[in-house]
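Presented below is the structure to which this report refers.
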Amino acid sequence: DSGVTQTPKHLITATGQRVTLRCSPRSGDLSVYWYQQSLDQGLQFLIHYYNGEERAKGNILERFSAQQFPDLHSELNLSSLELGDSALYFCASSPPIGSYEQYFGPGTRLTVT
Amino acid sequence: AQSVTQLGSHVSVSEGALVLLRCNYSSSVPPYLFWYVQYPNQGLQLLLKYTSAATLVKGINGFEAEFKKSETSFHLTKPSAHMSDAAEYFCAVSDPQAGNNRKLIWGLGTSLAVNP
């Protein structure tokens, strides 16, 4: 158990819908990262938040958005969902000092039908 | 810009044989380097990390990796493969000068199969 929690574990929804994925980082970690993992694209970095502020964006679509709240949990919002958005979505957190390793949550498997 | 190359998207070994998974990086400064393992339908788990201390790093499950600056490599090894080692392995690099803007640059992963 990494200490990073993600909910829900599974999500099935229809095209055009909107979903919210939630992540709670490890105690003491200020950074939250979101990743998308699919069979054809591999592991794709989406976005990084540090202590409530956006720090880096990766291959995140405009239909996707994220935020980190004052209690440091984070939410990833996916809207106007398409079949191609079906994937595993991971959240990771890292400590504020040290060597920057990331600790991953168990992931949310999103299926868009 | 930093990049990570994992040579071989699929590696197959026999149980008890040496495991060697290759990772090369490009970085303008000595980086931090990581190996992660992902079992089916699970999140990524940190195997080991190099942070500019000892060049030979020991991790969990009997894995180790050696940082070779001259070769810009950080290959992962295990002397004797177990069936339970079958998984996806990812190499990643981070810029130690990135401060709070740090992120990991990921390799594409190597799928390890262990044959009985």
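By convention here, the chains of the structure tokens are called A, B, ... in the order presented, each chain's residues are numbered starting at 1, and ligands are numbered starting at 1 in the order presented.
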Name all residues at most 8 Å from Gly105 (chain A) (count only C-alpha atoms; drop same-chain ones fewer than 3 positions away) and give them as a PDB file with C-alpha atoms, in the first residue's frame.
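Saved to around.pdb:
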```
ATOM      1  CA  SER A   2       1.568   3.261  -1.191  1.00  0.00           C
ATOM      2  CA  GLY A   3      -0.622   5.496   0.960  1.00  0.00           C
ATOM      3  CA  VAL A   4      -2.164   7.153  -2.102  1.00  0.00           C
ATOM      4  CA  THR A   5      -5.878   6.542  -2.451  1.00  0.00           C
ATOM      5  CA  GLN A   6      -8.032   6.867  -5.525  1.00  0.00           C
ATOM      6  CA  CYS A  23      -7.099  11.281  -5.397  1.00  0.00           C
ATOM      7  CA  PHE A  90      -3.364   6.996 -12.019  1.00  0.00           C
ATOM      8  CA  CYS A  91      -2.626   9.561  -9.413  1.00  0.00           C
ATOM      9  CA  ALA A  92       0.793   9.786  -7.780  1.00  0.00           C
TER      10      ALA A  92
ATOM     11  CA  GLY B  43      -0.436   0.849  -9.867  1.00  0.00           C
ATOM     12  CA  LEU B  44       3.267   1.388 -10.316  1.00  0.00           C
TER      13      LEU B  44
END
```
Please give the complete set of residues from region 41-89 of chain B that DSSP, run on the backbone, assigns to strand (DSSP E or B), formatted as a short mmCIF file (atom, residue, chain, number, x, y, z; two decimals) with C-alpha atoms, in the first residue's frame.
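Written output follows (selection-v4.cif):
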```
data_model
loop_
_atom_site.label_atom_id
_atom_site.label_comp_id
_atom_site.auth_asym_id
_atom_site.auth_seq_id
_atom_site.Cartn_x
_atom_site.Cartn_y
_atom_site.Cartn_z
CA LEU B 44 3.27 1.39 -10.32
CA GLN B 45 5.51 0.44 -7.40
CA LEU B 46 8.95 1.90 -6.79
CA LEU B 47 11.61 -0.80 -7.11
CA LEU B 48 14.70 1.31 -6.50
CA LYS B 49 16.18 4.76 -6.99
CA TYR B 50 19.55 6.41 -7.68
CA LEU B 56 25.05 0.33 -7.29
CA VAL B 57 21.56 0.51 -5.91
CA LYS B 58 19.71 -2.36 -4.31
CA GLU B 64 19.49 -3.97 -8.29
CA ALA B 65 20.67 -1.37 -10.79
CA GLU B 66 23.98 0.28 -11.53
CA PHE B 67 24.37 3.90 -12.55
CA LYS B 68 27.06 4.28 -15.20
CA SER B 73 22.81 3.86 -18.38
CA PHE B 74 20.86 2.53 -15.43
CA HIS B 75 20.21 -1.12 -16.24
CA LEU B 76 18.10 -3.28 -13.92
CA THR B 77 19.27 -6.75 -13.02
CA LYS B 78 18.27 -9.73 -10.92
CA ALA B 87 5.36 -7.68 -14.93
CA GLU B 88 5.89 -4.37 -16.73
CA TYR B 89 8.99 -2.43 -15.75
#
```
For this session: Have a look at A:Val32, A:Leu88, A:Ile97, A:Ile60 and name the one nearest to Val112 (chain A); count only C-alpha atoms.
Result: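 Of all the options, A:Leu88 lies closest to Val112 (chain A).
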For this session: Quick one: everything within 7 Å of region 16-27 of chain B, counting only C-alpha atoms, minus sequence neighbours fewer than 4 positions away in the same chain. Send it as a ChimeraX atom specification.
Result: /B:1-7,31,72-82,91
Exercise. Within 8 Å of chain A, which residues of chain B show up when using only C-alpha atoms, listed as number ranges by chain?
Worked result: B: 32, 34, 42-46, 49, 51, 94, 96, 100-103, 106, 108
Given the selection you just returned, output its residues as a file containing N, CA, C and O atoms, formatted as a PDB file, in the first residue's frame.
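After the write, selection15.pdb holds the following:
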```pdb
ATOM      1  N   TYR B  32      18.365  12.088 -11.193  1.00  0.00           N
ATOM      2  CA  TYR B  32      17.885  11.032 -10.332  1.00  0.00           C
ATOM      3  C   TYR B  32      17.238   9.989 -11.241  1.00  0.00           C
ATOM      4  O   TYR B  32      16.589  10.336 -12.227  1.00  0.00           O
ATOM      5  N   PHE B  34      15.088   6.113 -11.575  1.00  0.00           N
ATOM      6  CA  PHE B  34      14.155   5.245 -10.863  1.00  0.00           C
ATOM      7  C   PHE B  34      13.771   4.053 -11.744  1.00  0.00           C
ATOM      8  O   PHE B  34      13.705   4.160 -12.965  1.00  0.00           O
ATOM      9  N   GLN B  42      -2.619  -3.127 -11.571  1.00  0.00           N
ATOM     10  CA  GLN B  42      -2.193  -2.448 -10.349  1.00  0.00           C
ATOM     11  C   GLN B  42      -1.453  -1.166 -10.695  1.00  0.00           C
ATOM     12  O   GLN B  42      -1.099  -0.919 -11.849  1.00  0.00           O
ATOM     13  N   GLY B  43      -1.223  -0.360  -9.679  1.00  0.00           N
ATOM     14  CA  GLY B  43      -0.436   0.849  -9.867  1.00  0.00           C
ATOM     15  C   GLY B  43       1.047   0.542  -9.923  1.00  0.00           C
ATOM     16  O   GLY B  43       1.471  -0.593  -9.693  1.00  0.00           O
ATOM     17  N   LEU B  44       1.829   1.559 -10.240  1.00  0.00           N
ATOM     18  CA  LEU B  44       3.267   1.388 -10.316  1.00  0.00           C
ATOM     19  C   LEU B  44       3.873   1.412  -8.916  1.00  0.00           C
ATOM     20  O   LEU B  44       3.479   2.217  -8.071  1.00  0.00           O
ATOM     21  N   GLN B  45       4.847   0.544  -8.708  1.00  0.00           N
ATOM     22  CA  GLN B  45       5.509   0.436  -7.401  1.00  0.00           C
ATOM     23  C   GLN B  45       6.992   0.718  -7.573  1.00  0.00           C
ATOM     24  O   GLN B  45       7.631   0.197  -8.492  1.00  0.00           O
ATOM     25  N   LEU B  46       7.533   1.557  -6.718  1.00  0.00           N
ATOM     26  CA  LEU B  46       8.946   1.903  -6.786  1.00  0.00           C
ATOM     27  C   LEU B  46       9.800   0.686  -6.423  1.00  0.00           C
ATOM     28  O   LEU B  46       9.657   0.122  -5.352  1.00  0.00           O
ATOM     29  N   LYS B  49      15.888   3.427  -6.513  1.00  0.00           N
ATOM     30  CA  LYS B  49      16.180   4.763  -6.994  1.00  0.00           C
ATOM     31  C   LYS B  49      17.667   5.075  -6.841  1.00  0.00           C
ATOM     32  O   LYS B  49      18.332   4.578  -5.932  1.00  0.00           O
ATOM     33  N   THR B  51      20.165   8.366  -6.405  1.00  0.00           N
ATOM     34  CA  THR B  51      20.099   9.796  -6.082  1.00  0.00           C
ATOM     35  C   THR B  51      21.475  10.371  -5.829  1.00  0.00           C
ATOM     36  O   THR B  51      21.652  11.211  -4.951  1.00  0.00           O
ATOM     37  N   SER B  94      14.581  12.071 -13.371  1.00  0.00           N
ATOM     38  CA  SER B  94      14.122  13.365 -12.887  1.00  0.00           C
ATOM     39  C   SER B  94      15.298  14.320 -12.812  1.00  0.00           C
ATOM     40  O   SER B  94      16.422  13.896 -12.548  1.00  0.00           O
ATOM     41  N   PRO B  96      17.279  16.852 -10.845  1.00  0.00           N
ATOM     42  CA  PRO B  96      17.384  17.283  -9.446  1.00  0.00           C
ATOM     43  C   PRO B  96      17.406  18.794  -9.272  1.00  0.00           C
ATOM     44  O   PRO B  96      17.244  19.284  -8.150  1.00  0.00           O
ATOM     45  N   ASN B 100      10.460  22.618  -7.282  1.00  0.00           N
ATOM     46  CA  ASN B 100       9.065  22.212  -7.135  1.00  0.00           C
ATOM     47  C   ASN B 100       8.368  21.975  -8.470  1.00  0.00           C
ATOM     48  O   ASN B 100       7.198  21.608  -8.501  1.00  0.00           O
ATOM     49  N   ASN B 101       9.057  22.219  -9.572  1.00  0.00           N
ATOM     50  CA  ASN B 101       8.492  21.943 -10.892  1.00  0.00           C
ATOM     51  C   ASN B 101       8.914  20.577 -11.416  1.00  0.00           C
ATOM     52  O   ASN B 101       8.759  20.273 -12.588  1.00  0.00           O
ATOM     53  N   ARG B 102       9.458  19.755 -10.527  1.00  0.00           N
ATOM     54  CA  ARG B 102       9.998  18.482 -10.957  1.00  0.00           C
ATOM     55  C   ARG B 102       8.892  17.559 -11.456  1.00  0.00           C
ATOM     56  O   ARG B 102       7.762  17.600 -11.016  1.00  0.00           O
ATOM     57  N   LYS B 103       9.267  16.709 -12.404  1.00  0.00           N
ATOM     58  CA  LYS B 103       8.396  15.641 -12.858  1.00  0.00           C
ATOM     59  C   LYS B 103       9.301  14.513 -13.336  1.00  0.00           C
ATOM     60  O   LYS B 103      10.501  14.696 -13.531  1.00  0.00           O
ATOM     61  N   TRP B 106       9.419   9.386 -18.369  1.00  0.00           N
ATOM     62  CA  TRP B 106       9.254   7.939 -18.340  1.00  0.00           C
ATOM     63  C   TRP B 106       9.717   7.263 -19.619  1.00  0.00           C
ATOM     64  O   TRP B 106       9.545   7.790 -20.722  1.00  0.00           O
ATOM     65  N   LEU B 108       9.184   3.848 -22.112  1.00  0.00           N
ATOM     66  CA  LEU B 108       7.951   3.239 -22.616  1.00  0.00           C
ATOM     67  C   LEU B 108       7.613   1.923 -21.933  1.00  0.00           C
ATOM     68  O   LEU B 108       6.530   1.366 -22.148  1.00  0.00           O
TER      69      LEU B 108
END
```
For this session: Identify, on the basis of only C-alpha atoms, every residue whose closest approach to region 67-79 of chain A does not exceed 6 Å; exclude the query and any residue fewer than 3 positions from it along the same chain; express the result as a PyMOL selection string.
Result: chain A and resi 18-24+52+63-64
For this session: Give me the residues within 8 Å of Pro116 (chain B) as a list in words, counting only C-alpha atoms and dropping any in the same chain fewer than 4 places off.
Result: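 Here the qualifying residues turn out to be Ser14, Glu15 and Met83 of chain B.
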For this session: Have a look at CA of Leu112 (chain B) and CA of Ala92 (chain B) and let me know their distance in Å, one decimal.
Result: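 Here the two named atoms are 16.9 Å from each other.
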Exercise. Quick one, how far is CA of Val114 (chain B) from CA of Gln36 (chain A)?
Worked result: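 Answer for the CA of Val114 (chain B) to CA of Gln36 (chain A) separation: 26.9 Å.
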Exercise. When distances are computed from only C-alpha atoms, which of B:Ser52, B:Ile105, B:Trp35, B:Pro30 shows the smallest separation from Ser70 (chain B)?
Worked result: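 So, comparing all the options, the nearest one is B:Pro30.
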For this session: One decimal, Å: what's the distance from CA of Asn41 (chain B) over to CA of Ser65 (chain A), could you say?
Result: 24.4 Å
Exercise. Using the chain letters and numbers from this document, which residues of chain B does DSSP assign to helix (DSSP H, G or I), as a ChimeraX atom specification?
Worked result: /B:60-62,83-85,99-101
